[in-house]
$ cat start-v7.cif   # mmCIF, C-alpha atoms and all ligand atoms
data_structure
#
loop_
_atom_site.label_atom_id
_atom_site.label_comp_id
_atom_site.auth_asym_id
_atom_site.auth_seq_id
_atom_site.Cartn_x
_atom_site.Cartn_y
_atom_site.Cartn_z
CA MET A 233 10.52 -7.65 89.91
CA GLU A 234 13.99 -7.06 88.47
CA GLU A 235 14.09 -3.69 90.20
CA SER A 236 12.95 -5.29 93.44
CA LEU A 237 15.71 -7.89 93.21
CA LYS A 238 18.24 -5.16 92.56
CA PHE A 239 16.93 -3.25 95.57
CA CYS A 240 17.26 -6.42 97.67
CA GLY A 241 20.89 -6.87 96.72
CA GLY A 242 20.44 -9.21 93.74
CA ARG A 243 20.11 -12.40 95.84
CA LYS A 244 17.77 -15.12 94.61
CA TYR A 245 14.30 -14.44 95.95
CA LYS A 246 12.76 -17.28 98.00
CA GLY A 247 9.31 -16.00 98.88
CA LEU A 248 7.55 -15.66 102.19
CA ALA A 249 5.01 -18.50 101.96
CA GLY A 250 3.45 -19.27 105.34
CA LYS A 251 3.92 -15.76 106.74
CA ILE A 252 0.90 -13.54 107.38
CA ALA A 253 0.75 -9.74 107.22
CA CYS A 254 -2.00 -7.65 108.73
CA ASN A 255 -2.74 -4.22 107.23
CA ILE A 256 -4.26 -1.99 109.92
CA PHE A 257 -5.25 1.41 108.53
CA PHE A 258 -6.97 3.94 110.79
CA GLU A 259 -6.75 6.63 108.08
CA PRO A 260 -7.90 6.34 104.46
CA SER A 261 -5.39 5.04 101.94
CA THR A 262 -5.33 3.79 98.37
CA ARG A 263 -1.67 3.64 97.36
CA THR A 264 -0.03 2.49 100.59
CA GLN A 265 -2.65 0.01 101.74
CA TYR A 266 -3.18 -1.65 98.38
CA SER A 267 0.45 -1.61 97.29
CA PHE A 268 1.27 -3.41 100.54
CA LEU A 269 -1.49 -5.89 99.67
CA VAL A 270 -0.14 -6.38 96.13
CA ALA A 271 3.42 -6.67 97.50
CA GLN A 272 2.30 -9.27 100.06
CA GLN A 273 0.69 -11.37 97.35
CA LYS A 274 3.71 -11.05 95.06
CA VAL A 275 6.04 -12.31 97.80
CA GLY A 276 3.70 -15.22 98.52
CA MET A 277 2.46 -14.15 101.96
CA GLY A 278 -1.01 -14.35 103.40
CA ALA A 279 -2.60 -10.96 104.03
CA ILE A 280 -5.38 -9.65 106.24
CA ASP A 281 -6.94 -6.24 105.64
CA PHE A 282 -8.25 -5.11 109.03
CA ASP A 283 -11.61 -3.33 108.80
CA VAL A 284 -11.91 -0.67 111.50
CA ASP A 285 -15.68 -0.29 111.03
CA SER A 286 -16.56 -3.95 111.59
CA SER A 287 -14.02 -4.54 114.36
CA SER A 288 -14.34 -4.49 118.13
CA LEU A 289 -13.06 -0.92 118.06
CA GLN A 290 -16.78 -0.21 117.57
CA LYS A 291 -17.31 -1.76 121.03
CA ASN A 292 -14.78 0.68 122.51
CA GLU A 293 -11.79 -1.64 122.36
CA SER A 294 -8.64 0.46 122.51
CA PHE A 295 -5.96 0.87 119.84
CA TYR A 296 -3.46 -0.85 122.14
CA ASP A 297 -5.74 -3.86 122.78
CA THR A 298 -6.46 -4.15 119.06
CA ILE A 299 -2.77 -4.34 118.21
CA LYS A 300 -2.08 -6.65 121.16
CA THR A 301 -4.79 -8.98 119.81
CA PHE A 302 -3.07 -9.28 116.43
CA ASP A 303 0.21 -9.84 118.22
CA SER A 304 -1.41 -12.75 120.10
CA LEU A 305 -3.06 -14.10 116.94
CA GLY A 306 0.41 -14.82 115.59
CA THR A 307 0.53 -12.56 112.55
CA ASP A 308 4.11 -12.03 111.37
CA VAL A 309 4.10 -8.32 110.56
CA LEU A 310 1.71 -5.42 111.20
CA ILE A 311 1.47 -2.56 108.75
CA ILE A 312 -0.10 0.33 110.64
CA ARG A 313 -1.32 3.80 109.64
CA HIS A 314 -2.71 6.04 112.36
CA SER A 315 -3.57 9.72 112.77
CA LYS A 316 -1.53 10.00 115.99
CA ASN A 317 2.10 10.97 115.60
CA GLU A 318 4.42 8.26 116.92
CA TYR A 319 1.49 5.91 117.68
CA TYR A 320 4.08 3.14 117.86
CA LYS A 321 5.86 4.51 120.93
CA ASN A 322 3.34 2.92 123.35
CA LEU A 323 3.82 -0.45 121.64
CA ILE A 324 7.60 -0.67 121.86
CA GLY A 325 8.62 -3.51 124.17
CA LYS A 326 4.99 -4.64 124.63
CA ILE A 327 4.39 -6.57 121.42
CA SER A 328 6.76 -8.89 119.62
CA THR A 329 5.36 -8.61 116.06
CA PRO A 330 7.36 -6.25 113.81
CA ILE A 331 5.55 -3.06 112.82
CA ILE A 332 5.98 -1.22 109.52
CA ASN A 333 4.92 2.40 109.86
CA ALA A 334 2.55 3.17 106.97
CA GLY A 335 2.21 6.79 108.13
CA ASP A 336 1.80 8.36 111.58
CA GLY A 337 -0.18 11.61 111.64
CA THR A 338 1.99 14.47 110.43
CA GLY A 339 5.10 12.59 111.54
CA ASN A 340 6.65 10.19 109.04
CA HIS A 341 5.94 7.96 106.05
CA PRO A 342 9.06 5.81 105.68
CA THR A 343 8.07 3.51 102.80
CA GLN A 344 6.88 6.52 100.75
CA SER A 345 10.30 8.02 101.23
CA LEU A 346 12.01 4.80 100.12
CA LEU A 347 9.95 4.65 96.94
CA ASP A 348 10.61 8.33 96.27
CA ILE A 349 14.35 7.74 96.66
CA LEU A 350 14.20 4.71 94.34
CA THR A 351 12.37 6.81 91.72
CA ILE A 352 14.97 9.59 91.94
CA GLU A 353 17.89 7.15 91.83
CA GLN A 354 16.47 5.49 88.72
CA GLU A 355 16.40 8.93 87.10
CA PHE A 356 19.68 10.46 88.25
CA GLY A 357 21.74 7.51 89.58
CA SER A 358 22.15 9.10 93.01
CA LEU A 359 20.73 11.87 95.18
CA LYS A 360 24.17 13.29 95.92
CA GLY A 361 24.39 16.89 94.75
CA LEU A 362 20.80 17.07 93.50
CA GLU A 363 18.56 20.00 94.36
CA ILE A 364 15.13 18.81 95.49
CA SER A 365 12.14 21.00 96.34
CA ILE A 366 9.19 19.83 98.42
CA ILE A 367 6.32 22.24 97.79
CA GLY A 368 2.95 22.74 99.44
CA ASP A 369 1.40 21.84 102.78
CA ILE A 370 4.72 21.15 104.51
CA SER A 371 3.65 21.34 108.15
CA HIS A 372 0.88 18.75 107.80
CA SER A 373 2.88 16.40 105.57
CA ARG A 374 4.54 13.27 106.93
CA VAL A 375 6.03 12.78 103.44
CA ALA A 376 7.72 16.19 103.67
CA HIS A 377 9.14 15.46 107.11
CA THR A 378 10.62 12.08 106.19
CA ASN A 379 11.84 13.13 102.75
CA PHE A 380 13.49 16.31 104.03
CA GLU A 381 15.49 14.35 106.59
CA ILE A 382 16.33 11.28 104.53
CA MET A 383 17.07 13.01 101.22
CA SER A 384 19.39 15.43 103.03
CA ARG A 385 21.18 12.42 104.55
CA PHE A 386 21.57 10.98 101.04
CA GLY A 387 23.45 14.14 99.99
CA ALA A 388 20.72 16.17 98.27
CA LYS A 389 20.19 19.87 98.91
CA VAL A 390 16.54 19.91 99.96
CA PHE A 391 14.32 23.03 99.94
CA THR A 392 10.71 23.58 100.91
CA SER A 393 8.23 26.07 99.50
CA GLY A 394 4.51 26.87 99.36
CA PRO A 395 2.24 28.97 101.57
CA LYS A 396 4.17 30.58 104.47
CA GLU A 397 1.30 29.46 106.76
CA TYR A 398 2.25 25.82 106.08
CA SER A 399 6.02 26.28 106.25
CA GLU A 400 8.33 25.07 109.00
CA ARG A 401 11.48 26.47 110.55
CA ASN A 402 14.79 24.86 109.64
CA MET A 403 13.48 23.38 106.40
CA ASN A 404 15.26 25.71 103.92
CA PHE A 405 12.16 27.67 102.82
CA VAL A 406 12.49 29.47 99.45
CA ASN A 407 9.92 31.23 97.29
CA PHE A 408 7.93 29.17 94.79
CA LYS A 409 9.60 30.43 91.62
CA GLU A 410 13.08 29.85 92.99
CA ALA A 411 12.06 26.33 94.11
CA ILE A 412 10.76 25.19 90.74
CA SER A 413 13.45 26.90 88.66
CA ARG A 414 16.55 25.59 90.50
CA SER A 415 15.41 22.03 91.32
CA ASP A 416 16.21 18.73 89.64
CA VAL A 417 13.26 17.17 91.43
CA VAL A 418 10.05 19.03 92.27
CA ILE A 419 7.86 17.16 94.76
CA MET A 420 4.36 18.66 94.97
CA LEU A 421 2.27 17.90 98.06
CA ARG A 422 -1.45 17.57 98.62
CA VAL A 423 -3.22 20.32 100.56
CA GLN A 424 -4.35 18.24 103.56
CA ARG A 425 -7.63 19.94 104.35
CA GLU A 426 -8.63 17.19 106.81
CA ARG A 427 -5.77 18.27 109.10
CA HIS A 428 -6.45 22.03 108.95
CA SER A 429 -7.99 23.81 111.91
CA SER A 430 -8.65 26.95 109.82
CA ARG A 431 -8.89 27.63 106.11
CA LEU A 432 -5.99 29.21 104.25
CA GLY A 433 -8.32 31.82 102.80
CA VAL A 434 -7.57 31.27 99.10
CA THR A 435 -9.69 29.51 96.51
CA ASP A 436 -8.38 26.42 94.73
CA GLU A 437 -7.75 28.57 91.63
CA GLU A 438 -5.77 31.12 93.66
CA TYR A 439 -3.77 28.36 95.33
CA ASN A 440 -2.92 26.86 91.94
CA GLU A 441 -1.87 30.27 90.64
CA LYS A 442 0.40 31.09 93.62
CA TYR A 443 1.73 27.73 94.83
CA GLY A 444 0.70 25.10 92.28
CA LEU A 445 2.37 23.73 89.16
CA ASN A 446 0.49 24.73 86.02
CA SER A 447 1.14 25.20 82.32
CA ARG A 448 2.10 28.87 82.93
CA ASN A 449 4.90 28.23 85.42
CA LEU A 450 6.07 24.86 84.05
CA LYS A 451 8.40 26.77 81.70
CA PHE A 452 10.55 27.85 84.66
CA MET A 453 11.53 24.24 85.45
CA LYS A 454 14.94 22.93 84.33
CA LYS A 455 15.02 20.90 81.11
CA ASP A 456 15.81 17.51 82.69
CA SER A 457 13.99 18.04 85.97
CA ILE A 458 11.17 15.76 87.06
CA ILE A 459 7.83 16.21 88.83
CA MET A 460 6.76 13.92 91.67
CA HIS A 461 3.74 13.77 93.97
CA PRO A 462 3.07 11.11 96.63
CA GLY A 463 -0.67 11.19 95.93
CA PRO A 464 -3.54 11.40 96.32
CA VAL A 465 -3.65 14.53 94.16
CA ASN A 466 -6.03 17.47 94.40
CA ARG A 467 -6.15 18.03 90.64
CA ASN A 468 -5.98 21.71 89.67
CA VAL A 469 -4.93 22.74 93.19
CA GLU A 470 -1.28 21.79 93.88
CA ILE A 471 -0.86 20.58 90.29
CA SER A 472 -2.95 21.12 87.17
CA GLY A 473 -4.59 17.94 85.93
CA ASP A 474 -3.06 18.32 82.47
CA LEU A 475 0.48 18.00 83.94
CA MET A 476 -0.14 14.70 85.71
CA GLU A 477 0.99 12.54 82.79
CA ILE A 478 3.44 14.74 80.90
CA ASP A 479 6.97 13.51 80.16
CA LYS A 480 8.37 15.17 83.28
CA SER A 481 5.89 13.45 85.58
CA ARG A 482 6.99 10.39 87.56
CA ILE A 483 3.72 10.14 89.53
CA SER A 484 2.64 6.77 88.08
CA LYS A 485 6.19 5.46 88.37
CA GLN A 486 6.16 6.30 92.09
CA VAL A 487 3.07 4.13 92.51
CA ARG A 488 4.70 1.24 90.60
CA ASN A 489 7.88 1.57 92.65
CA GLY A 490 5.78 1.44 95.81
CA VAL A 491 5.09 -2.24 95.18
CA PHE A 492 8.78 -3.09 94.62
CA VAL A 493 9.89 -1.18 97.70
CA ARG A 494 7.24 -2.77 99.92
CA MET A 495 8.17 -6.23 98.63
CA ALA A 496 11.76 -5.45 99.54
CA VAL A 497 10.84 -4.16 103.01
CA LEU A 498 8.74 -7.27 103.76
CA LYS A 499 11.57 -9.48 102.58
CA TYR A 500 14.15 -7.57 104.61
CA ILE A 501 12.08 -7.92 107.79
CA LEU A 502 10.72 -11.43 107.40
CA GLU A 503 13.08 -13.56 105.34
CA GLU A 504 14.95 -16.05 107.49
N1 LIG A 601 1.07 8.36 99.23
C1 LIG A 601 0.13 7.86 100.06
O1 LIG A 601 0.36 7.60 101.24
O2 LIG A 601 -1.08 7.65 99.46
P1 LIG A 601 -2.33 6.94 100.17
O3 LIG A 601 -2.82 7.88 101.25
O4 LIG A 601 -3.33 6.71 99.08
O5 LIG A 601 -1.81 5.66 100.78
#
$ encode --input "start-v7.cif" --output "structure tokens"
Amino acid sequence: MEESLKFCGGRKYKGLAGKIACNIFFEPSTRTQYSFLVAQQKVGMGAIDFDVDSSSLQKNESFYDTIKTFDSLGTDVLIIRHSKNEYYKNLIGKISTPIINAGDGTGNHPTQSLLDILTIEQEFGSLKGLEISIIGDISHSRVAHTNFEIMSRFGAKVFTSGPKEYSERNMNFVNFKEAISRSDVVIMLRVQRERHSSRLGVTDEEYNEKYGLNSRNLKFMKKDSIIMHPGPVNRNVEISGDLMEIDKSRISKQVRNGVFVRMAVLKYILEE
């Protein structure tokens, strides 16, 4: 809570009693969906968790009509995750309820980026001058896209690494060993098999050996560097399970910070 207050500028927190949030997730989620739910309860709001499978989407109602319905119901904020990049573009100007993007396809994941920045700032004070590597399935990762842009804007030198097949132009690609050995922050990414049209052609063990963090390559990391991962994790693929809770890991802290950041975002949008 203290951290949340600090993030909100230190003003006395009044709560959002009487407001109602609706969490509308068209893709699976544990961290984002439930940390929004925890955040909503901590700030005193009502919360609805929309269930796609028991909704009128099953009677062929469209995405647009579903969102328009919640707009008409008088909910105060919609938290939406959808597989379509920029799903929100068709809604702009047509609904009056604020939308928080909880992840759009391979596009962006803004609140993940905010919690990642908070975690890094708690560690190093600022992102300015830090070297940060984002490693793994870059092209399918909304976290990579948002973090690359925002962390660069905050003054970090941001690199990407991992399989060439998943790399992207103009994202400072370096080889894996260089990435882990020069970085203050190493952000490992999940291999997003559900978004792949063809297999990479390596086993999980081979992936871990070439592009994953493991006890053999951990020694190349800088002494005070930290490991992050947005989750969910494919244990023993992009990171070995035995590294998940070592001193360098901030993975659980990221999840904790997710609640504070989402409380702050709700407050920023809704407090009168
Ligand atoms: N980091 C993240 O978005 O995790 P979930 O998919 O579990 O929400």
$ axis_aligned_box --input "start-v7.cif" --around "ligand LIG 601 (chain A)" --padding-each-side "3 Å" --output "lines of an AutoDock Vina configuration file"
center_x = -1.1
center_y = 7.0
center_z = 100.2
size_x = 10.4
size_y = 8.7
size_z = 8.2
$ residues_near_ligand --input "start-v7.cif" --ligand "ligand LIG 601 (chain A)" --cutoff "7 Å" --atoms "only C-alpha atoms and all ligand atoms" --output "PyMOL selection string"
chain A and resi 260-265+344+462-464
$ atom_distance --input "start-v7.cif" --atom1 "atom CA of A:Glu397" --atom2 "atom CA of A:His372"
10.8 Å
$ closest_residue --input "start-v7.cif" --among "A:Lys291, A:Asn404, A:Phe268, A:Asp308" --to "A:Lys251" --atoms "all atoms listed in the file"
A:Asp308
$ closest_residue --input "start-v7.cif" --among "A:Glu355, A:Asp474, A:Val487, A:Ile367" --to "A:Asp456" --atoms "all atoms listed in the file"
A:Glu355
$ atom_distance --input "start-v7.cif" --atom1 "atom CA of A:Tyr319" --atom2 "atom CA of A:Asp297"
13.2 Å
$ residues_around --input "start-v7.cif" --residues "A:Ile366" --least-positions-apart "6" --cutoff "8 Å" --atoms "only C-alpha atoms" --output "PyMOL selection string"
chain A and resi 376+380+390-393+418-421
$ residues_near_point --input "start-v7.cif" --point "(18.1, 22.1, 94.3)" --cutoff "12 Å" --atoms "all atoms listed in the file" --output "PyMOL selection string"
chain A and resi 359-366+383-384+387-393+404-406+410-419+453-454+457-458
$ atom_distance --input "start-v7.cif" --atom1 "atom CA of A:Cys254" --atom2 "atom CA of A:Arg425"
28.5 Å
$ closest_residue --input "start-v7.cif" --among "A:Thr351, A:Ser328, A:Asn340, A:Ser315" --to "A:Ser484" --atoms "all atoms listed in the file"
A:Thr351
$ residues_around --input "start-v7.cif" --residues "A:Leu350" --least-positions-apart "5" --cutoff "9 Å" --atoms "only C-alpha atoms" --output "JSON list (two decimals) with C-alpha atoms, in the coordinates of the input"
[["chain", "number", "residue", "atom", "x", "y", "z"],
["A", 239, "PHE", "CA", 16.93, -3.25, 95.57],
["A", 345, "SER", "CA", 10.30, 8.02, 101.23],
["A", 355, "GLU", "CA", 16.40, 8.93, 87.10],
["A", 486, "GLN", "CA", 6.16, 6.30, 92.09],
["A", 489, "ASN", "CA", 7.88, 1.57, 92.65],
["A", 493, "VAL", "CA", 9.89, -1.18, 97.70]]
$ residues_around --input "start-v7.cif" --residues "A:Ile478" --least-positions-apart "6" --cutoff "12 Å" --atoms "only C-alpha atoms" --output "mmCIF file with C-alpha atoms, keeping the file's coordinate frame"
data_model
loop_
_atom_site.group_PDB
_atom_site.id
_atom_site.type_symbol
_atom_site.label_atom_id
_atom_site.label_comp_id
_atom_site.auth_asym_id
_atom_site.auth_seq_id
_atom_site.Cartn_x
_atom_site.Cartn_y
_atom_site.Cartn_z
ATOM 1 C CA ASN A 446 0.490 24.730 86.020
ATOM 2 C CA SER A 447 1.140 25.200 82.320
ATOM 3 C CA LEU A 450 6.070 24.860 84.050
ATOM 4 C CA ILE A 458 11.170 15.760 87.060
ATOM 5 C CA ILE A 459 7.830 16.210 88.830
ATOM 6 C CA MET A 460 6.760 13.920 91.670
ATOM 7 C CA ILE A 471 -0.860 20.580 90.290
ATOM 8 C CA SER A 472 -2.950 21.120 87.170
ATOM 9 C CA SER A 484 2.640 6.770 88.080
#
$ closest_residue --input "start-v7.cif" --among "A:Val469, A:Val491, A:Leu305, A:Val270" --to "A:Glu441" --atoms "all atoms listed in the file"
A:Val469
$ closest_residue --input "start-v7.cif" --among "A:Lys326, A:Arg401, A:Lys316, A:Lys499" --to "A:Gln272" --atoms "all atoms listed in the file"
A:Lys499
$ decode --input "start-v7.cif" --residues "stretch 238-347 of chain A" --atoms "C-alpha atoms" --output "mmCIF file, in the first residue's frame"
data_model
loop_
_atom_site.group_PDB
_atom_site.id
_atom_site.type_symbol
_atom_site.label_atom_id
_atom_site.label_comp_id
_atom_site.auth_asym_id
_atom_site.auth_seq_id
_atom_site.Cartn_x
_atom_site.Cartn_y
_atom_site.Cartn_z
ATOM 1 C CA LYS A 238 4.114 6.666 -3.384
ATOM 2 C CA PHE A 239 3.283 5.750 -6.976
ATOM 3 C CA CYS A 240 0.114 7.865 -6.728
ATOM 4 C CA GLY A 241 2.031 10.915 -5.588
ATOM 5 C CA GLY A 242 1.694 10.459 -1.814
ATOM 6 C CA ARG A 243 -1.805 11.997 -1.588
ATOM 7 C CA LYS A 244 -4.230 10.565 0.963
ATOM 8 C CA TYR A 245 -6.113 7.694 -0.623
ATOM 9 C CA LYS A 246 -9.922 8.033 -0.597
ATOM 10 C CA GLY A 247 -11.124 4.812 -2.178
ATOM 11 C CA LEU A 248 -13.440 4.174 -5.079
ATOM 12 C CA ALA A 249 -16.559 2.919 -3.264
ATOM 13 C CA GLY A 250 -19.596 2.894 -5.545
ATOM 14 C CA LYS A 251 -17.604 2.440 -8.762
ATOM 15 C CA ILE A 252 -17.821 -0.818 -10.700
ATOM 16 C CA ALA A 253 -15.112 -2.398 -12.856
ATOM 17 C CA CYS A 254 -15.733 -5.117 -15.409
ATOM 18 C CA ASN A 255 -12.888 -7.488 -16.296
ATOM 19 C CA ILE A 256 -13.421 -8.808 -19.828
ATOM 20 C CA PHE A 257 -10.773 -11.360 -20.797
ATOM 21 C CA PHE A 258 -10.973 -13.102 -24.174
ATOM 22 C CA GLU A 259 -7.572 -14.736 -23.623
ATOM 23 C CA PRO A 260 -6.460 -16.768 -20.596
ATOM 24 C CA SER A 261 -4.869 -14.867 -17.725
ATOM 25 C CA THR A 262 -3.891 -15.471 -14.121
ATOM 26 C CA ARG A 263 -1.708 -12.525 -13.109
ATOM 27 C CA THR A 264 -3.394 -9.655 -14.947
ATOM 28 C CA GLN A 265 -7.014 -10.681 -14.453
ATOM 29 C CA TYR A 266 -6.712 -11.578 -10.789
ATOM 30 C CA SER A 267 -4.376 -8.752 -9.828
ATOM 31 C CA PHE A 268 -6.931 -6.360 -11.316
ATOM 32 C CA LEU A 269 -9.569 -8.132 -9.216
ATOM 33 C CA VAL A 270 -7.442 -7.873 -6.062
ATOM 34 C CA ALA A 271 -6.644 -4.222 -6.863
ATOM 35 C CA GLN A 272 -10.342 -3.441 -7.384
ATOM 36 C CA GLN A 273 -11.213 -4.921 -4.004
ATOM 37 C CA LYS A 274 -8.344 -3.113 -2.279
ATOM 38 C CA VAL A 275 -9.528 0.246 -3.636
ATOM 39 C CA GLY A 276 -13.088 -0.504 -2.528
ATOM 40 C CA MET A 277 -14.703 -0.912 -5.961
ATOM 41 C CA GLY A 278 -17.258 -3.432 -7.098
ATOM 42 C CA ALA A 279 -15.943 -5.881 -9.683
ATOM 43 C CA ILE A 280 -17.499 -8.109 -12.319
ATOM 44 C CA ASP A 281 -15.519 -10.921 -13.937
ATOM 45 C CA PHE A 282 -17.095 -11.426 -17.363
ATOM 46 C CA ASP A 283 -17.330 -15.101 -18.353
ATOM 47 C CA VAL A 284 -16.989 -15.502 -22.122
ATOM 48 C CA ASP A 285 -18.293 -19.092 -22.086
ATOM 49 C CA SER A 286 -21.599 -18.335 -20.356
ATOM 50 C CA SER A 287 -22.220 -15.032 -22.133
ATOM 51 C CA SER A 288 -24.285 -14.157 -25.186
ATOM 52 C CA LEU A 289 -21.101 -14.381 -27.240
ATOM 53 C CA GLN A 290 -22.135 -18.049 -27.390
ATOM 54 C CA LYS A 291 -25.268 -16.865 -29.237
ATOM 55 C CA ASN A 292 -23.090 -15.090 -31.810
ATOM 56 C CA GLU A 293 -23.217 -11.656 -30.199
ATOM 57 C CA SER A 294 -20.285 -9.627 -31.490
ATOM 58 C CA PHE A 295 -17.331 -8.258 -29.523
ATOM 59 C CA TYR A 296 -18.534 -4.721 -30.250
ATOM 60 C CA ASP A 297 -22.090 -5.412 -29.021
ATOM 61 C CA THR A 298 -20.730 -7.095 -25.891
ATOM 62 C CA ILE A 299 -18.647 -4.059 -24.991
ATOM 63 C CA LYS A 300 -21.473 -1.682 -25.939
ATOM 64 C CA THR A 301 -23.732 -3.616 -23.542
ATOM 65 C CA PHE A 302 -21.375 -3.052 -20.602
ATOM 66 C CA ASP A 303 -21.119 0.589 -21.597
ATOM 67 C CA SER A 304 -24.929 0.831 -21.398
ATOM 68 C CA LEU A 305 -25.053 -1.104 -18.113
ATOM 69 C CA GLY A 306 -23.190 1.773 -16.498
ATOM 70 C CA THR A 307 -19.964 0.103 -15.427
ATOM 71 C CA ASP A 308 -17.260 2.678 -14.691
ATOM 72 C CA VAL A 309 -14.217 1.048 -16.281
ATOM 73 C CA LEU A 310 -13.643 -1.908 -18.606
ATOM 74 C CA ILE A 311 -10.464 -3.945 -18.376
ATOM 75 C CA ILE A 312 -10.145 -5.799 -21.673
ATOM 76 C CA ARG A 313 -7.760 -8.449 -22.999
ATOM 77 C CA HIS A 314 -8.246 -9.652 -26.565
ATOM 78 C CA SER A 315 -6.266 -11.631 -29.125
ATOM 79 C CA LYS A 316 -6.744 -8.944 -31.803
ATOM 80 C CA ASN A 317 -4.100 -6.243 -31.963
ATOM 81 C CA GLU A 318 -5.593 -2.805 -31.321
ATOM 82 C CA TYR A 319 -9.061 -4.270 -30.602
ATOM 83 C CA TYR A 320 -9.863 -0.922 -29.002
ATOM 84 C CA LYS A 321 -9.623 1.087 -32.216
ATOM 85 C CA ASN A 322 -13.209 0.224 -33.270
ATOM 86 C CA LEU A 323 -14.488 1.350 -29.866
ATOM 87 C CA ILE A 324 -12.939 4.808 -29.797
ATOM 88 C CA GLY A 325 -15.652 7.468 -29.897
ATOM 89 C CA LYS A 326 -18.428 4.850 -29.695
ATOM 90 C CA ILE A 327 -18.437 4.038 -25.995
ATOM 91 C CA SER A 328 -18.008 6.409 -23.085
ATOM 92 C CA THR A 329 -16.651 3.970 -20.463
ATOM 93 C CA PRO A 330 -12.857 4.157 -20.021
ATOM 94 C CA ILE A 331 -10.954 1.086 -21.205
ATOM 95 C CA ILE A 332 -7.743 -0.245 -19.661
ATOM 96 C CA ASN A 333 -5.864 -2.406 -22.143
ATOM 97 C CA ALA A 334 -4.967 -5.666 -20.368
ATOM 98 C CA GLY A 335 -3.165 -6.935 -23.483
ATOM 99 C CA ASP A 336 -4.025 -6.799 -27.198
ATOM 100 C CA GLY A 337 -2.710 -9.708 -29.256
ATOM 101 C CA THR A 338 0.987 -9.245 -29.944
ATOM 102 C CA GLY A 339 0.583 -5.478 -29.605
ATOM 103 C CA ASN A 340 0.914 -4.009 -26.125
ATOM 104 C CA HIS A 341 0.537 -4.749 -22.417
ATOM 105 C CA PRO A 342 0.705 -1.335 -20.735
ATOM 106 C CA THR A 343 0.079 -2.252 -17.079
ATOM 107 C CA GLN A 344 2.698 -5.044 -17.288
ATOM 108 C CA SER A 345 5.164 -2.447 -18.468
ATOM 109 C CA LEU A 346 4.276 -0.107 -15.600
ATOM 110 C CA LEU A 347 4.818 -2.847 -13.025
#
